[in-house]
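To start, the structure under review is shown below, and the notes come after it.
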Amino acid sequence: MKGSGTIPTLIIFVVIVVTSLLVFLVLPNIISVWESSCDFVSNVVSTVTLQQVKNACTKSPVQIEVVIKPEYLPLVADHALRALLETTDSSSGKQVQELLAYGVQNKKPTFSLDGKNVELEKIVDDKMNSLLPDREYSLVVSNLFNFGNPNLGDLLRPASGDAGNFTKYKSSTTLTTPDMKKVQVVLFIR
Amino acid sequence: MKGQLHFAPEIMIKALGFIFIAITLIATLFSLQQYSITYEGRPELRQLIDYSENYLSSKCITYEDHGTFFKGVFDKNKLDKNVGGCITFSKPVTIIIKDQKGGSWSSRPASSLLSLSSQRLTYPIVVKYSDQFVPGIMEVTI
């Protein structure tokens with residue numbers, strides 16, 4: 001029984017291999033020759049050798065092109081956050097980082113300091129308009145205050161595993177309040 | 001013995017069949033597809049970022065307090081003297097600094113040296129006046 005099954009198996013094998021070669025190797029090349037805009041198509045086909053076809057029509061039916069574009073990130077969010085905290089509010093004479101720390105301690109975005117009224121949101125907005133004109137921002141201070149566009153943090157959050165790109169739009173640091181508590185400050189920009 | 005003679009070639013034929021089919025499939029993939037990898041680097045932008053970061057921490061223009069230089073905080077007096085800073089770059093660079101108080105400084109190369117394909121970056125900065133830190137922007141063009 002084994003001997004009788006050998007010949008059909010061999011025939012099937014040969015048929016499969018030959019068919020596979022025809023279907024997968026020869027046919028796509030013929031199609032690509034037909035489909036490509038090679039000069040050879042318009043010439044007399046009988047004079048063209050196989051080597052000429054190969055040289056003239058190297059276009060494959062499927063072309064995979066990988067383009068690597070490295071992204072260079074100017075760390076604008078880092079510079080903006082540092083600059084914002086350093087700047088001075090002209091009316092109170094205090095730096096923004098000091099005013100934010102006072103605000104966190106009082107848990108109010110509006111308070112009075114040395115007899116002068118301080119509105120944190122207004123001050124931050126004024127400074128950010130000078131630092132990053134024409135750009136949206138969101139400044140989150142210790143989950144107490146959210147100045148600017150409050151939804152920007154959620155909008156910029158990467159969907160899955162794109163944390164590297166997220167650093168372009170986000171920067172964070174810590175502030176120390178007058179009662180020596182450390183609070184986080186996060187800036188999102190777009 | 002007969003069984004062994006028949007059995008061995010049948011297995012071998014099947015094995016060879018699989019090998020040929022595998023080779024055919026792999027060869028097909030390569031014949032069907034053409035791979036090309038293109039690297040589109042932007043050296044001018046990368047160099048401009050490097051230059052800008054160096055400029056922001058240049059000792060000639062940054063504010064100093066007890067031996068500490070503040071990156072991104074420019075001393076107004078130093079800007080008035082030398083806005084170009086103390087670092088050199090192989091390409092002509094234009095730097096424009098503007099602050100909230102209306103202060104403006106610029107360093108421009110000769111117009112003939114300006115390249116046609118320009119890259120521009122804007123950084124938030126602070127200018128230190130005698131009594132306060134004023135927000136501003138720095139525009140760097142190559």
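Letters A, B, ... mark the chains of the structure tokens in the order given; residue numbers begin at 1 per chain; ligand numbers begin at 1, in order shown.
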
Checklist entry - Counting only C-alpha atoms, which residues of chain B come no farther than 8 Å from chain A, as a PyMOL selection string? => result chain B and resi 3+6-7+10+13-14+17+20-21+24-25+27-28+31-42+45-46+49+72-73+99-100+123-126+132-137

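Minimum atom-to-atom distances from A:Ala101, A:Thr19, A:Arg190, A:Asp114 to A:Arg135 were compared using only C-alpha atoms, and the lowest value belongs to A:Arg190.
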
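Using only C-alpha atoms, the residues found no farther than 7 Å from stretch 146-154 of chain A, other than those of its own chain fewer than 4 positions away, are Glu121, Asp125, Glu136, Tyr137, Ser138, Leu139, Val140, Val141 and Phe188 of chain A.
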
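Considering only C-alpha atoms, the residue among B:Ile95, B:Val140, B:Cys86, B:Leu79 positioned nearest to B:Val127 is B:Leu79.
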
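Of note, atom CA of B:Tyr55 and atom CA of B:Lys78 are spaced 13.1 Å apart.
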
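The nearest approach to B:Tyr129 among the residues B:Lys76, B:Thr62, B:Lys81, B:Ser106, with only C-alpha atoms taken into account, belongs to B:Lys76.
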
Checklist outcome for this item: As a check of understanding: the span from atom CA of A:Pro109 to atom CA of A:Thr174 is 17.7 Å
